[in-house]
$ cat input.pdb   # PDB, C-alpha atoms
ATOM      1  CA  MET A  40     102.091  89.539 127.046
ATOM      2  CA  THR A  41      99.839  86.507 127.471
ATOM      3  CA  ALA A  42     100.534  83.049 126.062
ATOM      4  CA  LYS A  43      97.624  83.513 123.631
ATOM      5  CA  GLN A  44      99.054  86.831 122.409
ATOM      6  CA  ASN A  45     102.474  85.205 121.972
ATOM      7  CA  THR A  46     100.890  82.415 119.924
ATOM      8  CA  GLU A  47      99.049  84.919 117.734
ATOM      9  CA  LEU A  48     102.270  86.912 117.254
ATOM     10  CA  ASP A  49     104.176  83.753 116.308
ATOM     11  CA  LYS A  50     101.482  82.845 113.772
ATOM     12  CA  SER A  51     101.565  86.329 112.250
ATOM     13  CA  THR A  52     105.365  86.230 112.053
ATOM     14  CA  GLU A  53     105.314  82.773 110.483
ATOM     15  CA  ALA A  54     102.696  83.824 107.914
ATOM     16  CA  LEU A  55     104.706  86.939 107.060
ATOM     17  CA  GLN A  56     107.930  84.946 106.706
ATOM     18  CA  HIS A  57     106.192  82.486 104.372
ATOM     19  CA  GLN A  58     104.772  85.346 102.336
ATOM     20  CA  ASN A  59     108.216  86.988 102.128
ATOM     21  CA  GLU A  60     109.769  83.716 100.914
ATOM     22  CA  ILE A  61     107.170  83.413  98.162
ATOM     23  CA  GLU A  62     107.701  87.050  97.179
ATOM     24  CA  ARG A  63     111.485  86.606  97.095
ATOM     25  CA  THR A  64     111.186  83.749  94.597
ATOM     26  CA  ARG A  65     109.037  85.846  92.275
ATOM     27  CA  VAL A  66     112.255  87.416  90.978
ATOM     28  CA  GLY A  67     113.865  84.924  88.620
ATOM     29  CA  GLY A  68     111.026  82.476  88.413
ATOM     30  CA  PHE A  69     107.343  81.623  88.162
ATOM     31  CA  GLY A  70     105.225  79.625  90.591
ATOM     32  CA  GLY A  71     101.806  78.042  90.780
ATOM     33  CA  SER A  72     100.089  81.423  91.039
ATOM     34  CA  ASP A  73     101.338  82.125  87.497
ATOM     35  CA  ALA A  74      99.797  78.954  86.048
ATOM     36  CA  LYS A  75      96.787  80.783  84.584
ATOM     37  CA  MET A  76      99.095  83.157  82.729
ATOM     38  CA  PHE A  77     101.086  80.330  81.152
ATOM     39  CA  TYR A  78      97.926  78.451  80.232
ATOM     40  CA  LYS A  79      96.671  81.584  78.471
ATOM     41  CA  ILE A  80     100.001  82.040  76.660
ATOM     42  CA  GLY A  81      99.911  78.406  75.574
ATOM     43  CA  LEU A  82      96.393  78.818  74.204
ATOM     44  CA  LYS A  83      96.559  82.290  72.658
ATOM     45  CA  GLY A  84     100.244  83.157  72.308
ATOM     46  CA  LEU A  85     102.334  85.999  73.700
ATOM     47  CA  GLY A  86     100.037  88.567  72.093
ATOM     48  CA  SER A  87      97.473  87.741  74.780
ATOM     49  CA  LEU A  88      99.660  89.151  77.587
ATOM     50  CA  SER A  89      97.792  91.700  79.688
ATOM     51  CA  ASN A  90      99.406  94.683  81.398
ATOM     52  CA  SER A  91      99.524  92.795  84.702
ATOM     53  CA  ASP A  92     101.153  89.811  82.927
ATOM     54  CA  LYS A  93     103.842  92.123  81.567
ATOM     55  CA  VAL A  94     104.400  93.609  85.020
ATOM     56  CA  ARG A  95     104.734  90.085  86.433
ATOM     57  CA  ILE A  96     107.318  89.143  83.776
ATOM     58  CA  ARG A  97     109.231  92.390  84.357
ATOM     59  CA  VAL A  98     109.433  91.472  88.060
ATOM     60  CA  ALA A  99     110.656  87.959  87.204
ATOM     61  CA  LYS A 100     113.332  89.464  84.942
ATOM     62  CA  GLY A 101     114.437  91.799  87.728
ATOM     63  CA  ILE A 102     113.780  94.968  85.712
ATOM     64  CA  ALA A 103     110.863  96.090  87.886
ATOM     65  CA  PRO A 104     110.493  96.002  91.679
ATOM     66  CA  TYR A 105     108.057  93.634  93.265
ATOM     67  CA  ASN A 106     105.452  95.465  95.327
ATOM     68  CA  PRO A 107     104.404  93.160  98.162
ATOM     69  CA  ILE A 108     100.681  92.608  98.588
ATOM     70  CA  PRO A 109      99.582  93.604 102.120
ATOM     71  CA  GLN A 110      98.324  90.618 104.058
ATOM     72  CA  THR A 111      94.539  90.629 103.851
ATOM     73  CA  GLU A 112      92.038  89.005 106.186
ATOM     74  CA  ALA A 113      91.423  86.302 103.565
ATOM     75  CA  MET A 114      95.166  85.539 103.347
ATOM     76  CA  ARG A 115      95.418  85.383 107.131
ATOM     77  CA  LYS A 116      92.416  83.067 107.340
ATOM     78  CA  GLY A 117      93.956  80.822 104.698
ATOM     79  CA  HIS A 118      97.143  80.495 106.732
ATOM     80  CA  ASP A 119      95.108  79.865 109.908
ATOM     81  CA  PHE A 120      93.288  77.099 108.030
ATOM     82  CA  GLU A 121      96.642  75.505 107.188
ATOM     83  CA  ASP A 122      97.642  75.668 110.883
ATOM     84  CA  TRP A 123      94.352  74.125 111.943
ATOM     85  CA  PHE A 124      94.584  71.391 109.305
ATOM     86  CA  ALA A 125      98.162  70.561 110.278
ATOM     87  CA  ASP A 126      97.104  70.120 113.910
ATOM     88  CA  ARG A 127      93.746  68.428 113.217
ATOM     89  CA  PHE A 128      95.269  65.802 110.926
ATOM     90  CA  LYS A 129      98.649  65.593 112.595
ATOM     91  CA  HIS A 130      98.922  61.845 111.997
ATOM     92  CA  HIS A 131      99.001  62.608 108.249
ATOM     93  CA  THR A 132     100.698  66.004 108.080
ATOM     94  CA  ASP A 133     103.595  64.994 110.359
ATOM     95  CA  LYS A 134     104.760  62.718 107.545
ATOM     96  CA  MET A 135     104.636  65.560 105.002
ATOM     97  CA  VAL A 136     106.686  68.680 104.313
ATOM     98  CA  ARG A 137     104.818  71.916 104.825
ATOM     99  CA  GLU A 138     105.371  74.791 102.369
ATOM    100  CA  ALA A 139     107.513  72.482 100.247
ATOM    101  CA  LYS A 140     109.186  74.104  97.262
ATOM    102  CA  ILE A 141     108.918  71.847  94.215
ATOM    103  CA  LYS A 142     111.095  72.649  91.199
ATOM    104  CA  LYS A 143     111.684  71.286  87.731
ATOM    105  CA  LYS A 144     114.017  72.478  84.989
ATOM    106  CA  LEU A 145     111.595  73.474  82.239
ATOM    107  CA  ALA A 146     113.171  76.690  80.956
ATOM    108  CA  ILE A 147     116.606  78.186  80.373
ATOM    109  CA  ASN A 148     115.918  81.786  81.371
ATOM    110  CA  PHE A 149     113.775  81.350  84.480
ATOM    111  CA  ASP A 150     112.905  78.916  87.270
ATOM    112  CA  VAL A 151     109.632  77.012  87.366
ATOM    113  CA  PHE A 152     108.420  75.946  90.807
ATOM    114  CA  ALA A 153     105.510  75.685  93.212
ATOM    115  CA  HIS A 154     105.052  76.124  96.956
ATOM    116  CA  ALA A 155     102.877  73.230  98.130
ATOM    117  CA  ASP A 156     100.889  73.535 101.338
ATOM    118  CA  PHE A 157     101.768  69.919 102.198
ATOM    119  CA  ALA A 158     103.873  67.495 100.159
ATOM    120  CA  LYS A 159     105.073  63.923 100.701
ATOM    121  CA  LYS A 160     108.721  63.428  99.868
ATOM    122  CA  SER A 161     109.868  60.537  97.685
ATOM    123  CA  LYS A 162     113.136  59.352  96.158
ATOM    124  CA  ASN A 163     112.535  61.381  93.012
ATOM    125  CA  GLY A 164     111.190  64.524  94.704
ATOM    126  CA  TYR A 165     107.590  64.718  95.870
ATOM    127  CA  SER A 166     104.971  62.072  95.159
ATOM    128  CA  ASN A 167     101.873  63.611  96.720
ATOM    129  CA  VAL A 168     100.655  67.184  97.243
ATOM    130  CA  VAL A 169      97.775  68.435  99.364
ATOM    131  CA  GLU A 170      96.626  71.937  98.446
ATOM    132  CA  LEU A 171      94.356  73.834 100.849
ATOM    133  CA  LYS A 172      91.856  76.559  99.956
ATOM    134  CA  CYS A 173      89.618  78.496 102.350
ATOM    135  CA  VAL A 174      87.238  80.285  99.997
ATOM    136  CA  SER A 175      83.805  81.917  99.872
ATOM    137  CA  GLU A 176      82.735  79.836  96.860
ATOM    138  CA  PRO A 177      83.802  76.287  97.764
ATOM    139  CA  ASP A 178      81.764  74.646  94.973
ATOM    140  CA  GLY A 179      83.836  76.443  92.355
ATOM    141  CA  ALA A 180      87.226  75.876  94.002
ATOM    142  CA  ILE A 181      88.410  73.118  91.647
ATOM    143  CA  GLY A 182      87.515  75.023  88.499
ATOM    144  CA  ASN A 183      88.909  78.313  89.812
ATOM    145  CA  HIS A 184      92.264  76.717  90.693
ATOM    146  CA  MET A 185      92.551  74.008  88.042
ATOM    147  CA  GLU A 186      95.620  75.535  86.362
ATOM    148  CA  GLN A 187      97.460  75.713  89.681
ATOM    149  CA  LEU A 188      96.535  72.106  90.490
ATOM    150  CA  GLN A 189      97.727  70.911  87.067
ATOM    151  CA  TRP A 190     100.935  72.911  87.612
ATOM    152  CA  TYR A 191     101.890  70.334  90.263
ATOM    153  CA  HIS A 192     101.344  67.504  87.773
ATOM    154  CA  MET A 193     103.502  69.417  85.295
ATOM    155  CA  LEU A 194     106.285  69.513  87.915
ATOM    156  CA  GLY A 195     106.167  65.735  88.228
ATOM    157  CA  VAL A 196     103.909  65.198  91.253
ATOM    158  CA  ASP A 197     102.043  61.883  90.993
ATOM    159  CA  SER A 198      99.007  62.660  93.152
ATOM    160  CA  VAL A 199      97.336  66.014  93.830
ATOM    161  CA  HIS A 200      94.553  66.474  96.374
ATOM    162  CA  LEU A 201      92.508  69.612  97.034
ATOM    163  CA  VAL A 202      91.039  70.277 100.478
ATOM    164  CA  VAL A 203      88.470  73.070 100.552
ATOM    165  CA  CYS A 204      86.963  74.952 103.475
ATOM    166  CA  ASP A 205      83.929  77.218 103.224
ATOM    167  CA  SER A 206      85.081  80.545 104.683
ATOM    168  CA  ALA A 207      81.477  81.545 105.426
ATOM    169  CA  GLU A 208      81.199  78.890 108.150
ATOM    170  CA  GLU A 209      81.918  79.829 111.763
ATOM    171  CA  SER A 210      84.633  77.223 112.206
ATOM    172  CA  PHE A 211      87.064  75.333 109.988
ATOM    173  CA  GLU A 212      85.513  72.083 111.249
ATOM    174  CA  ASP A 213      82.075  73.130 110.001
ATOM    175  CA  GLY A 214      83.373  74.432 106.684
ATOM    176  CA  LEU A 215      85.689  71.529 105.845
ATOM    177  CA  ARG A 216      84.899  69.557 102.682
ATOM    178  CA  ASP A 217      86.123  66.058 101.853
ATOM    179  CA  PRO A 218      89.462  65.924  99.991
ATOM    180  CA  VAL A 219      89.194  65.640  96.210
ATOM    181  CA  GLU A 220      91.871  64.011  94.098
ATOM    182  CA  VAL A 221      92.523  66.012  90.945
ATOM    183  CA  GLY A 222      93.903  63.808  88.200
ATOM    184  CA  ARG A 223      96.345  64.847  85.529
ATOM    185  CA  ASN A 224      94.855  66.727  82.586
ATOM    186  CA  GLU A 225      97.315  66.019  79.802
ATOM    187  CA  ALA A 226      95.963  68.699  77.466
ATOM    188  CA  MET A 227      96.189  71.422  80.118
ATOM    189  CA  VAL A 228      99.694  70.355  81.171
ATOM    190  CA  ASN A 229     100.897  70.382  77.571
ATOM    191  CA  THR A 230      99.342  73.806  77.002
ATOM    192  CA  MET A 231     101.184  75.251  80.012
ATOM    193  CA  LEU A 232     104.427  73.626  78.859
ATOM    194  CA  HIS A 233     103.912  75.260  75.470
ATOM    195  CA  GLY A 234     103.343  78.608  77.200
ATOM    196  CA  ILE A 235     106.573  78.203  79.171
ATOM    197  CA  LYS A 236     108.509  77.402  75.996
ATOM    198  CA  LEU A 237     107.047  80.408  74.156
ATOM    199  CA  LEU A 238     108.072  82.779  76.928
ATOM    200  CA  ASP A 239     111.488  81.159  77.308
ATOM    201  CA  ASP A 240     112.200  81.352  73.559
ATOM    202  CA  ASN A 241     111.245  85.044  73.448
ATOM    203  CA  TRP A 242     112.658  86.039  76.844
ATOM    204  CA  LEU A 243     115.204  88.533  75.494
ATOM    205  CA  THR A 244     113.089  90.131  72.747
ATOM    206  CA  LEU A 245     109.616  90.284  74.271
ATOM    207  CA  ASP A 246     107.976  93.734  74.276
ATOM    208  CA  LEU A 247     107.087  94.385  77.912
ATOM    209  CA  ARG A 248     105.941  97.990  77.636
ATOM    210  CA  VAL A 249     103.028  98.582  79.971
ATOM    211  CA  GLY A 250     100.226 100.956  78.984
ATOM    212  CA  ASP A 251      98.711 103.529  81.333
ATOM    213  CA  GLU A 252      95.110 102.560  80.572
ATOM    214  CA  TRP A 253      94.131  99.177  81.954
ATOM    215  CA  SER A 254      91.007  97.070  81.699
ATOM    216  CA  ASP A 255      89.460  95.066  84.510
ATOM    217  CA  GLU A 256      91.175  91.964  83.121
ATOM    218  CA  ASP A 257      94.582  93.660  83.420
ATOM    219  CA  LEU A 258      94.361  93.770  87.200
ATOM    220  CA  PHE A 259      96.053  91.254  89.452
ATOM    221  CA  PRO A 260      93.529  88.885  91.093
ATOM    222  CA  ALA A 261      93.706  90.595  94.520
ATOM    223  CA  GLU A 262      93.174  94.075  93.067
ATOM    224  CA  GLN A 263      90.473  92.749  90.734
ATOM    225  CA  ARG A 264      88.529  91.377  93.695
ATOM    226  CA  GLU A 265      88.923  94.667  95.590
ATOM    227  CA  VAL A 266      87.681  96.780  92.678
ATOM    228  CA  ARG A 267      84.760  94.489  91.890
ATOM    229  CA  GLU A 268      83.701  94.457  95.544
ATOM    230  CA  MET A 269      83.964  98.253  95.661
ATOM    231  CA  ALA A 270      81.801  98.561  92.535
ATOM    232  CA  GLN A 271      79.229  96.221  94.076
ATOM    233  CA  TYR A 272      79.169  98.297  97.279
ATOM    234  CA  LEU A 273      78.652 101.445  95.187
ATOM    235  CA  ARG A 274      75.743  99.813  93.369
ATOM    236  CA  GLU A 275      74.174  98.914  96.704
ATOM    237  CA  ILE A 276      74.730 102.462  97.997
ATOM    238  CA  LYS A 277      73.205 103.929  94.832
ATOM    239  CA  SER A 278      70.164 101.688  95.212
ATOM    240  CA  MET A 279      69.783 102.649  98.874
ATOM    241  CA  GLU A 280      70.159 106.359  98.059
ATOM    242  CA  ALA A 281      67.240 106.069  95.623
ATOM    243  CA  ILE A 282      65.117 104.492  98.378
ATOM    244  CA  ILE A 283      66.181 107.223 100.823
ATOM    245  CA  GLU A 284      65.237 110.002  98.386
ATOM    246  CA  GLU A 285      61.820 108.431  97.877
ATOM    247  CA  ARG A 286      61.198 108.216 101.623
ATOM    248  CA  LYS A 287      62.497 111.752 102.183
ATOM    249  CA  ALA A 288      59.987 113.011  99.616
ATOM    250  CA  LYS A 289      57.136 111.250 101.477
ATOM    251  CA  MET A 290      58.373 112.630 104.806
ATOM    252  CA  CYS A 291      58.595 116.133 103.334
ATOM    253  CA  GLU A 292      54.997 115.879 102.146
ATOM    254  CA  PHE A 293      53.891 114.651 105.582
ATOM    255  CA  MET A 294      55.728 117.404 107.499
ATOM    256  CA  GLU A 295      54.553 120.132 105.130
ATOM    257  CA  LYS A 296      50.934 118.973 105.375
ATOM    258  CA  ASN A 297      51.078 118.929 109.208
ATOM    259  CA  ASN A 298      53.132 122.121 109.563
ATOM    260  CA  ILE A 299      55.968 120.262 111.336
ATOM    261  CA  LYS A 300      59.338 122.043 111.434
ATOM    262  CA  SER A 301      61.430 119.209 112.850
ATOM    263  CA  ILE A 302      61.358 115.691 114.251
ATOM    264  CA  GLN A 303      63.985 114.760 116.850
ATOM    265  CA  SER A 304      65.134 111.464 118.375
ATOM    266  CA  ASP A 305      68.286 109.928 119.817
ATOM    267  CA  MET A 306      68.881 108.285 116.441
ATOM    268  CA  TYR A 307      68.139 111.097 113.977
ATOM    269  CA  SER A 308      67.181 114.729 113.405
ATOM    270  CA  ILE A 309      64.835 115.669 110.541
ATOM    271  CA  THR A 310      64.404 119.326 109.650
ATOM    272  CA  MET A 311      61.861 120.744 107.231
ATOM    273  CA  VAL A 312      63.362 123.185 104.721
ATOM    274  CA  PRO A 313      60.508 125.181 103.149
ATOM    275  CA  ALA A 314      60.284 125.924  99.449
ATOM    276  CA  GLY A 315      61.981 129.128  98.314
ATOM    277  CA  THR A 316      64.360 130.621  95.819
ATOM    278  CA  THR A 317      68.099 130.160  95.540
ATOM    279  CA  SER A 318      70.774 132.142  93.769
ATOM    280  CA  ARG A 319      74.270 131.407  92.559
ATOM    281  CA  PHE A 320      77.085 133.457  91.132
ATOM    282  CA  ASN A 321      77.299 133.274  87.317
ATOM    283  CA  LYS A 322      81.031 133.560  86.681
ATOM    284  CA  ALA A 323      80.715 132.888  82.950
ATOM    285  CA  LYS A 324      78.355 135.871  82.460
ATOM    286  CA  LEU A 325      80.625 138.159  84.470
ATOM    287  CA  LEU A 326      83.630 137.312  82.274
ATOM    288  CA  ARG A 327      81.566 137.790  79.102
ATOM    289  CA  ASP A 328      80.279 141.194  80.232
ATOM    290  CA  HIS A 329      83.689 142.315  81.509
ATOM    291  CA  PRO A 330      86.410 140.883  79.223
ATOM    292  CA  GLU A 331      88.945 143.208  80.818
ATOM    293  CA  ILE A 332      88.929 140.992  83.920
ATOM    294  CA  ASN A 333      91.805 138.484  83.929
ATOM    295  CA  GLU A 334      90.548 135.384  85.718
ATOM    296  CA  ALA A 335      94.115 134.327  86.567
ATOM    297  CA  ASP A 336      94.488 137.438  88.764
ATOM    298  CA  TYR A 337      91.754 136.098  91.030
ATOM    299  CA  THR A 338      92.703 132.423  91.009
ATOM    300  CA  THR A 339      94.623 130.670  93.774
ATOM    301  CA  THR A 340      96.309 127.278  93.429
ATOM    302  CA  SER A 341      96.784 124.582  96.055
ATOM    303  CA  GLU A 342      98.213 121.084  96.252
ATOM    304  CA  ARG A 343      95.773 118.203  95.928
ATOM    305  CA  LYS A 344      96.264 114.583  96.932
ATOM    306  CA  ALA A 345      95.801 111.909  94.286
ATOM    307  CA  TYR A 346      92.409 110.250  94.242
ATOM    308  CA  VAL A 347      90.232 108.122  91.991
ATOM    309  CA  THR A 348      86.730 108.599  90.671
ATOM    310  CA  VAL A 349      84.432 105.635  90.115
ATOM    311  CA  LYS A 350      81.526 105.716  87.687
ATOM    312  CA  LEU A 351      79.108 102.827  87.511
ATOM    313  CA  LYS A 352      77.928 101.510  84.154
ATOM    314  CA  ASN A 353      74.554  99.934  83.556
TER     315      ASN A 353
END
$ encode --input "input.pdb" --output "structure tokens"
Amino acid sequence: MTAKQNTELDKSTEALQHQNEIERTRVGGFGGSDAKMFYKIGLKGLGSLSNSDKVRIRVAKGIAPYNPIPQTEAMRKGHDFEDWFADRFKHHTDKMVREAKIKKKLAINFDVFAHADFAKKSKNGYSNVVELKCVSEPDGAIGNHMEQLQWYHMLGVDSVHLVVCDSAEESFEDGLRDPVEVGRNEAMVNTMLHGIKLLDDNWLTLDLRVGDEWSDEDLFPAEQREVREMAQYLREIKSMEAIIEERKAKMCEFMEKNNIKSIQSDMYSITMVPAGTTSRFNKAKLLRDHPEINEADYTTTSERKAYVTVKLKN
């Protein structure tokens, strides 16, 4: 194995270990990734909990298993960005703790914490946090992660900086944006604190039954992105299929007019199917005309794998 392959293996192992540590702490506590949920609870109450919120709380309570999210390309790129940043700005990051776990006692029934990408240690804990995001929409990074950034302030961090990289750029150097300091938003912090208190006060009596019919908003962020991307791909395919059918109709007219049976190339094969009649078996009429026939006598069963159907809405 080459030195480069060893380095890549070490990076993959390190990323997986970090992911496993974060997943392990999801039982018994809530981290920065849960900030949006607590902000929503603080604003709208416990009645606003979605199915995915209830699943998350069940995991934290230890009454449901945590299903690890497979490491995606975006997650891997985010960790690679952290590695690059740590090396590129070594004179700053060497003085900071990477993947620092910041905790504060804010509830009786569960832990409240955050895993900071980089944090500067102080006498009273951590004074400064640098959060990194490698995203496809860098202009919306602050707004999309505001709850998580305010979560650090809620935990007592004095200064929070966000460093964003545009994932569409070829290199981290090209995609890097200037650091932005995100000040404390007192209203948002207080709302999340209220959400934590509401959940803590109702920890033992909260109804966490999960329904079997979910909405798009019930999905976890990773699954939500996957489904929305899939739906967008299907829309594009549907649009392309309409174009293909239109062009096939024109080609059919051309081949019919010129008495062409087929057109061949290394890339495609087009065959003219002349107009004609088709027939199909009418099972419903047969059973009506011959009620003595028991359909079950002529039916075979077989196992079928689970699958999903997707229907697009206008």
$ residues_around --input "input.pdb" --residues "Asp257 in chain A" --least-positions-apart "2" --cutoff "12 Å" --atoms "all atoms listed in the file" --output "PyMOL selection string"
chain A and resi 76+87-95+249-255+259-263+266
$ closest_residue --input "input.pdb" --among "A:Asn241, A:Gly71, A:Ile181, A:Asp119" --to "Lys140 in chain A" --atoms "all atoms listed in the file"
A:Gly71
$ resolve_selection --input "input.pdb" --expression "the PyMOL selection byres ((chain A and resi 112) around 12)" --output "list in words"
Ser51, Ala54, Pro109, Gln110, Thr111, Ala113, Met114, Arg115, Lys116, Gly117, His118, Asp119, Cys173, Val174, Ser206 and Ala261 of chain A
$ residues_around --input "input.pdb" --residues "Ala180 in chain A" --least-positions-apart "4" --cutoff "10 Å" --atoms "all atoms listed in the file" --output "mmCIF file with C-alpha atoms, in the coordinates of the input"
data_model
loop_
_atom_site.group_PDB
_atom_site.id
_atom_site.type_symbol
_atom_site.label_atom_id
_atom_site.label_comp_id
_atom_site.auth_asym_id
_atom_site.auth_seq_id
_atom_site.Cartn_x
_atom_site.Cartn_y
_atom_site.Cartn_z
ATOM 1 C CA LYS A 172 91.856 76.559 99.956
ATOM 2 C CA CYS A 173 89.618 78.496 102.350
ATOM 3 C CA VAL A 174 87.238 80.285 99.997
ATOM 4 C CA SER A 175 83.805 81.917 99.872
ATOM 5 C CA GLU A 176 82.735 79.836 96.860
ATOM 6 C CA HIS A 184 92.264 76.717 90.693
ATOM 7 C CA MET A 185 92.551 74.008 88.042
ATOM 8 C CA LEU A 201 92.508 69.612 97.034
ATOM 9 C CA VAL A 202 91.039 70.277 100.478
ATOM 10 C CA VAL A 203 88.470 73.070 100.552
ATOM 11 C CA CYS A 204 86.963 74.952 103.475
ATOM 12 C CA ASP A 205 83.929 77.218 103.224
#
$ residues_near_point --input "input.pdb" --point "(95.1, 58.1, 87.3)" --cutoff "9 Å" --atoms "all atoms listed in the file" --output "short mmCIF file (atom, residue, chain, number, x, y, z; two decimals) with C-alpha atoms, keeping the file's coordinate frame"
data_model
loop_
_atom_site.label_atom_id
_atom_site.label_comp_id
_atom_site.auth_asym_id
_atom_site.auth_seq_id
_atom_site.Cartn_x
_atom_site.Cartn_y
_atom_site.Cartn_z
CA ASP A 197 102.04 61.88 90.99
CA SER A 198 99.01 62.66 93.15
CA GLY A 222 93.90 63.81 88.20
CA ARG A 223 96.34 64.85 85.53
#
